[in-house]
Amino acid sequence: MKIVIIEADNFQCLLLSRMIKRAGDFDVIAFSNVDDCLMELAITSEPTVIFSDINLPDRSGITLFRELKKNEYILGLVVVSALPEAMLESIKVLIGQFGMKFTHILNKPVIEDEINGIIHSIESFINYPKLSCADNLLTKDELQRAKYENSFHPYFQPQVNIRTGEIHGLEILGRIIFDGQLMLPETFIQPLTKFGMMTEYTLSILARAIHLLRAHGLDEHRISLNVEYGSLQEVDFAEKLLQVLRESAYPARQLTLEVTESKSSLSANVLYNLTELKLNSITLSIDNFGHGSSNIDELLNIPFSELKIDNRYTANMITSVKTKAVNQSINQLCKDLNIICIAQGVETEQQIQVLKALDVSLAQGFYFSPPIPAPKLKNALTTTREMMEKLILA
């Protein structure tokens with residue numbers, strides 16, 4: 001992997017370069033202006049991460065960011081700047097519009113632990129299984145074929161207690177491997193819903209996940225699984241899911257169902273299914289809390305026992321005092337309501353330290369591990385525990 005630095009200040013450039021090289025064996029190239037950098041990027045043919053300041057001679061870093069979108073080899077962007085917080089927040093939103101795969105903002109002066117954390121998450125991102133770049137949605141025939149070919153696969157991502165280093169649980173993330181490619185969720189989630197196959201897919205992923213965890217001696221862990229509102233609107237969904245647990249001999253008390261907030265009104269079927277699942281000792285969780293359609297009524301009217309802070313709130317709390325305060329308020333709300341709080345999207349050690357300061361104990365994200373298939377899970381959990389033990393003792 002190549003890392004390109006764009007920094008006009010020679011001392012800052014040298015300092016950043018040394019930190020990056022100490023963090024890993026990378027090919028580091030530095031430039032003092034945008035034009036020279038673009039000339040280099042025009043001939044690059046390997047995964048590249050950009051570390052760039054905003055205030056640069058001749059052309060600002062903003063003009064560079066727009067050009068990066070056109071280069072398929074640019075893996076991500078780390079902005080390193082001394083600009084005011086409010087300006088950096090706007091820049092982060094702008095970068096998001098450019099569709100960069102991996103983005104971070106660091107305030108000057110840069111701390112080496114921040115660099116180490118970012119490098120670690122970059123390496124996790126690169127080691128993540130290569131996904132299909134197909135833009136087309138899967139057709140009904142393709143989904144049916146994937147079903148009959150047993151191509152619905154569970155991947156797993158650990159949830160970690162950042163105070164003790166212990167594994168709190170495993171989130172199951174469904175994948176489809178089709179024609180030898182690991183498909184992006186964007187290519188199959190919408191079609192599964194459209195063609196009425198989402199519930200079948202969800203239950204298949206759950207059953208297979210339990211089977212694989214047991215086969216690898218990991219079925220003592222709690223598991224969580226996302227459930228779509230469309231499935232919850234089916235009158236017999238709770239019974240179907242409970243039947244899977246009975247057939248798999250997996251205790252309901254070890255399962256958490258994550259429900260993404262919805263703008264849709266809560267129907268009688270949704271309330272019935274959620275209540276029935278809760279009565280059978282299944283934990284209910286609000287996924288991506290704060291993403292687009294936050295609804296406090298759900299916390300008041302449905303027996304949720306867990307809340308997961310949206311990825312964006314975790315990412316922005318480093319550079320935004322407001323977002324940090326919101327996360328603190330969410331965690332306090334959870335404490336007052338006796339609800340478990342989990343921060344999603346953790347990618348750096350700095351985020352972990354901020355979460356600890358906010359008294360958030362549970363976290364999930366690429367810092368610990370990307371979603372991985374069952375055969376790699378045992379080694380990944382061992383690595384995560386060892387990494388957390390060193391961090392806690394440091």
# chains A, B, ... in the order shown; residues from 1 in each chain; ligands from 1
$ residues_around --residues "Gln12 in chain A" --least-positions-apart "6" --cutoff "12 Å" --atoms "only C-alpha atoms" --output "PyMOL selection string"
chain A and resi 5-6+18-19+30-32+51-53+80-82+108-111
$ write_last_selection --atoms "N, CA and C atoms" --output "PDB file, in the first residue's frame"
ATOM      1  N   ILE A   5       1.606  11.936   1.229  1.00  0.00           N
ATOM      2  CA  ILE A   5       1.435  13.085   2.128  1.00  0.00           C
ATOM      3  C   ILE A   5       1.484  14.367   1.308  1.00  0.00           C
ATOM      4  N   ILE A   6       0.532  15.267   1.530  1.00  0.00           N
ATOM      5  CA  ILE A   6       0.564  16.598   0.924  1.00  0.00           C
ATOM      6  C   ILE A   6       0.609  17.610   2.056  1.00  0.00           C
ATOM      7  N   ARG A  18       7.540  10.210   9.453  1.00  0.00           N
ATOM      8  CA  ARG A  18       8.201   9.323  10.410  1.00  0.00           C
ATOM      9  C   ARG A  18       7.186   8.529  11.225  1.00  0.00           C
ATOM     10  N   MET A  19       6.100   9.190  11.638  1.00  0.00           N
ATOM     11  CA  MET A  19       5.059   8.499  12.405  1.00  0.00           C
ATOM     12  C   MET A  19       4.442   7.363  11.600  1.00  0.00           C
ATOM     13  N   ALA A  30       5.942  12.142  -0.308  1.00  0.00           N
ATOM     14  CA  ALA A  30       5.461  13.441   0.165  1.00  0.00           C
ATOM     15  C   ALA A  30       5.536  14.502  -0.920  1.00  0.00           C
ATOM     16  N   PHE A  31       4.540  15.390  -0.919  1.00  0.00           N
ATOM     17  CA  PHE A  31       4.488  16.534  -1.844  1.00  0.00           C
ATOM     18  C   PHE A  31       4.076  17.779  -1.074  1.00  0.00           C
ATOM     19  N   SER A  32       4.458  18.928  -1.628  1.00  0.00           N
ATOM     20  CA  SER A  32       4.134  20.192  -0.959  1.00  0.00           C
ATOM     21  C   SER A  32       2.968  20.915  -1.614  1.00  0.00           C
ATOM     22  N   PHE A  51      -2.779  11.516   3.013  1.00  0.00           N
ATOM     23  CA  PHE A  51      -2.758  12.370   4.203  1.00  0.00           C
ATOM     24  C   PHE A  51      -2.539  13.795   3.701  1.00  0.00           C
ATOM     25  N   SER A  52      -3.526  14.669   3.870  1.00  0.00           N
ATOM     26  CA  SER A  52      -3.411  15.989   3.262  1.00  0.00           C
ATOM     27  C   SER A  52      -3.844  17.119   4.195  1.00  0.00           C
ATOM     28  N   ASP A  53      -3.091  18.217   4.127  1.00  0.00           N
ATOM     29  CA  ASP A  53      -3.506  19.454   4.780  1.00  0.00           C
ATOM     30  C   ASP A  53      -4.549  20.134   3.889  1.00  0.00           C
ATOM     31  N   VAL A  80      -5.349  16.347   7.658  1.00  0.00           N
ATOM     32  CA  VAL A  80      -4.540  16.766   8.808  1.00  0.00           C
ATOM     33  C   VAL A  80      -4.488  18.286   8.779  1.00  0.00           C
ATOM     34  N   SER A  81      -5.158  18.938   9.728  1.00  0.00           N
ATOM     35  CA  SER A  81      -5.329  20.380   9.612  1.00  0.00           C
ATOM     36  C   SER A  81      -5.429  21.052  10.974  1.00  0.00           C
ATOM     37  N   ALA A  82      -5.108  22.348  10.975  1.00  0.00           N
ATOM     38  CA  ALA A  82      -5.248  23.181  12.179  1.00  0.00           C
ATOM     39  C   ALA A  82      -6.431  24.132  12.050  1.00  0.00           C
ATOM     40  N   LYS A 108      -4.090  19.200  14.051  1.00  0.00           N
ATOM     41  CA  LYS A 108      -2.685  19.471  14.365  1.00  0.00           C
ATOM     42  C   LYS A 108      -2.605  20.076  15.765  1.00  0.00           C
ATOM     43  N   PRO A 109      -1.565  19.769  16.551  1.00  0.00           N
ATOM     44  CA  PRO A 109      -0.463  18.845  16.234  1.00  0.00           C
ATOM     45  C   PRO A 109      -0.926  17.387  16.326  1.00  0.00           C
ATOM     46  N   VAL A 110      -0.406  16.576  15.414  1.00  0.00           N
ATOM     47  CA  VAL A 110      -0.817  15.182  15.341  1.00  0.00           C
ATOM     48  C   VAL A 110      -0.147  14.377  16.457  1.00  0.00           C
ATOM     49  N   ILE A 111      -0.915  13.470  17.049  1.00  0.00           N
ATOM     50  CA  ILE A 111      -0.407  12.585  18.092  1.00  0.00           C
ATOM     51  C   ILE A 111      -0.115  11.221  17.475  1.00  0.00           C
TER      52      ILE A 111
END
$ residues_around --residues "Leu232 in chain A" --least-positions-apart "2" --cutoff "7 Å" --atoms "only C-alpha atoms" --output "VMD selection string"
chain A and resid 228 to 230 234 237 269 to 270 273
$ write_last_selection --atoms "N, CA and C atoms" --output "PDB file, in the first residue's frame"
ATOM      1  N   GLU A 228     -35.279  -6.575   9.465  1.00  0.00           N
ATOM      2  CA  GLU A 228     -35.941  -5.493   8.761  1.00  0.00           C
ATOM      3  C   GLU A 228     -37.386  -5.337   9.240  1.00  0.00           C
ATOM      4  N   TYR A 229     -37.889  -4.102   9.178  1.00  0.00           N
ATOM      5  CA  TYR A 229     -39.268  -3.845   9.576  1.00  0.00           C
ATOM      6  C   TYR A 229     -40.246  -4.655   8.740  1.00  0.00           C
ATOM      7  N   GLY A 230     -39.900  -4.870   7.467  1.00  0.00           N
ATOM      8  CA  GLY A 230     -40.791  -5.631   6.599  1.00  0.00           C
ATOM      9  C   GLY A 230     -41.042  -7.027   7.139  1.00  0.00           C
ATOM     10  N   GLU A 234     -44.769  -9.203   9.200  1.00  0.00           N
ATOM     11  CA  GLU A 234     -45.389 -10.497   8.895  1.00  0.00           C
ATOM     12  C   GLU A 234     -45.953 -11.084  10.184  1.00  0.00           C
ATOM     13  N   PHE A 237     -43.826 -13.892  11.971  1.00  0.00           N
ATOM     14  CA  PHE A 237     -42.368 -13.811  11.967  1.00  0.00           C
ATOM     15  C   PHE A 237     -41.774 -14.321  13.276  1.00  0.00           C
ATOM     16  N   ASN A 269     -48.849  -5.778  13.939  1.00  0.00           N
ATOM     17  CA  ASN A 269     -48.001  -6.956  13.728  1.00  0.00           C
ATOM     18  C   ASN A 269     -46.582  -6.731  14.247  1.00  0.00           C
ATOM     19  N   VAL A 270     -46.027  -5.543  13.989  1.00  0.00           N
ATOM     20  CA  VAL A 270     -44.681  -5.233  14.474  1.00  0.00           C
ATOM     21  C   VAL A 270     -44.643  -5.295  15.995  1.00  0.00           C
ATOM     22  N   ASN A 273     -44.964  -8.993  17.193  1.00  0.00           N
ATOM     23  CA  ASN A 273     -43.745  -9.781  17.011  1.00  0.00           C
ATOM     24  C   ASN A 273     -42.663  -9.396  18.005  1.00  0.00           C
TER      25      ASN A 273
END
$ closest_residue --among "A:Ser204, A:Thr139, A:Asn55, A:Asn116" --to "Gly24 in chain A" --atoms "only C-alpha atoms"
A:Asn116
$ select_by_dssp --residues "range 78-180 of chain A" --states "strand (DSSP E or B)" --output "ChimeraX atom specification"
/A:78-81,103-107,131,152-161,167-178
$ closest_residue --among "A:Asn107, A:Thr382, A:Ser361, A:Thr323" --to "Ile162 in chain A" --atoms "only C-alpha atoms"
A:Ser361
$ residues_around --residues "Pro371 in chain A" --least-positions-apart "2" --cutoff "7 Å" --atoms "only C-alpha atoms" --output "PyMOL selection string"
chain A and resi 155-157+369
$ closest_residue --among "A:Arg175, A:Leu170, A:Leu203, A:Gln243" --to "Thr256 in chain A" --atoms "only C-alpha atoms"
A:Leu170
$ residues_around --residues "Val49 in chain A" --least-positions-apart "4" --cutoff "9 Å" --atoms "only C-alpha atoms" --output "number ranges by chain"
A: 1-5, 73-78, 102, 122
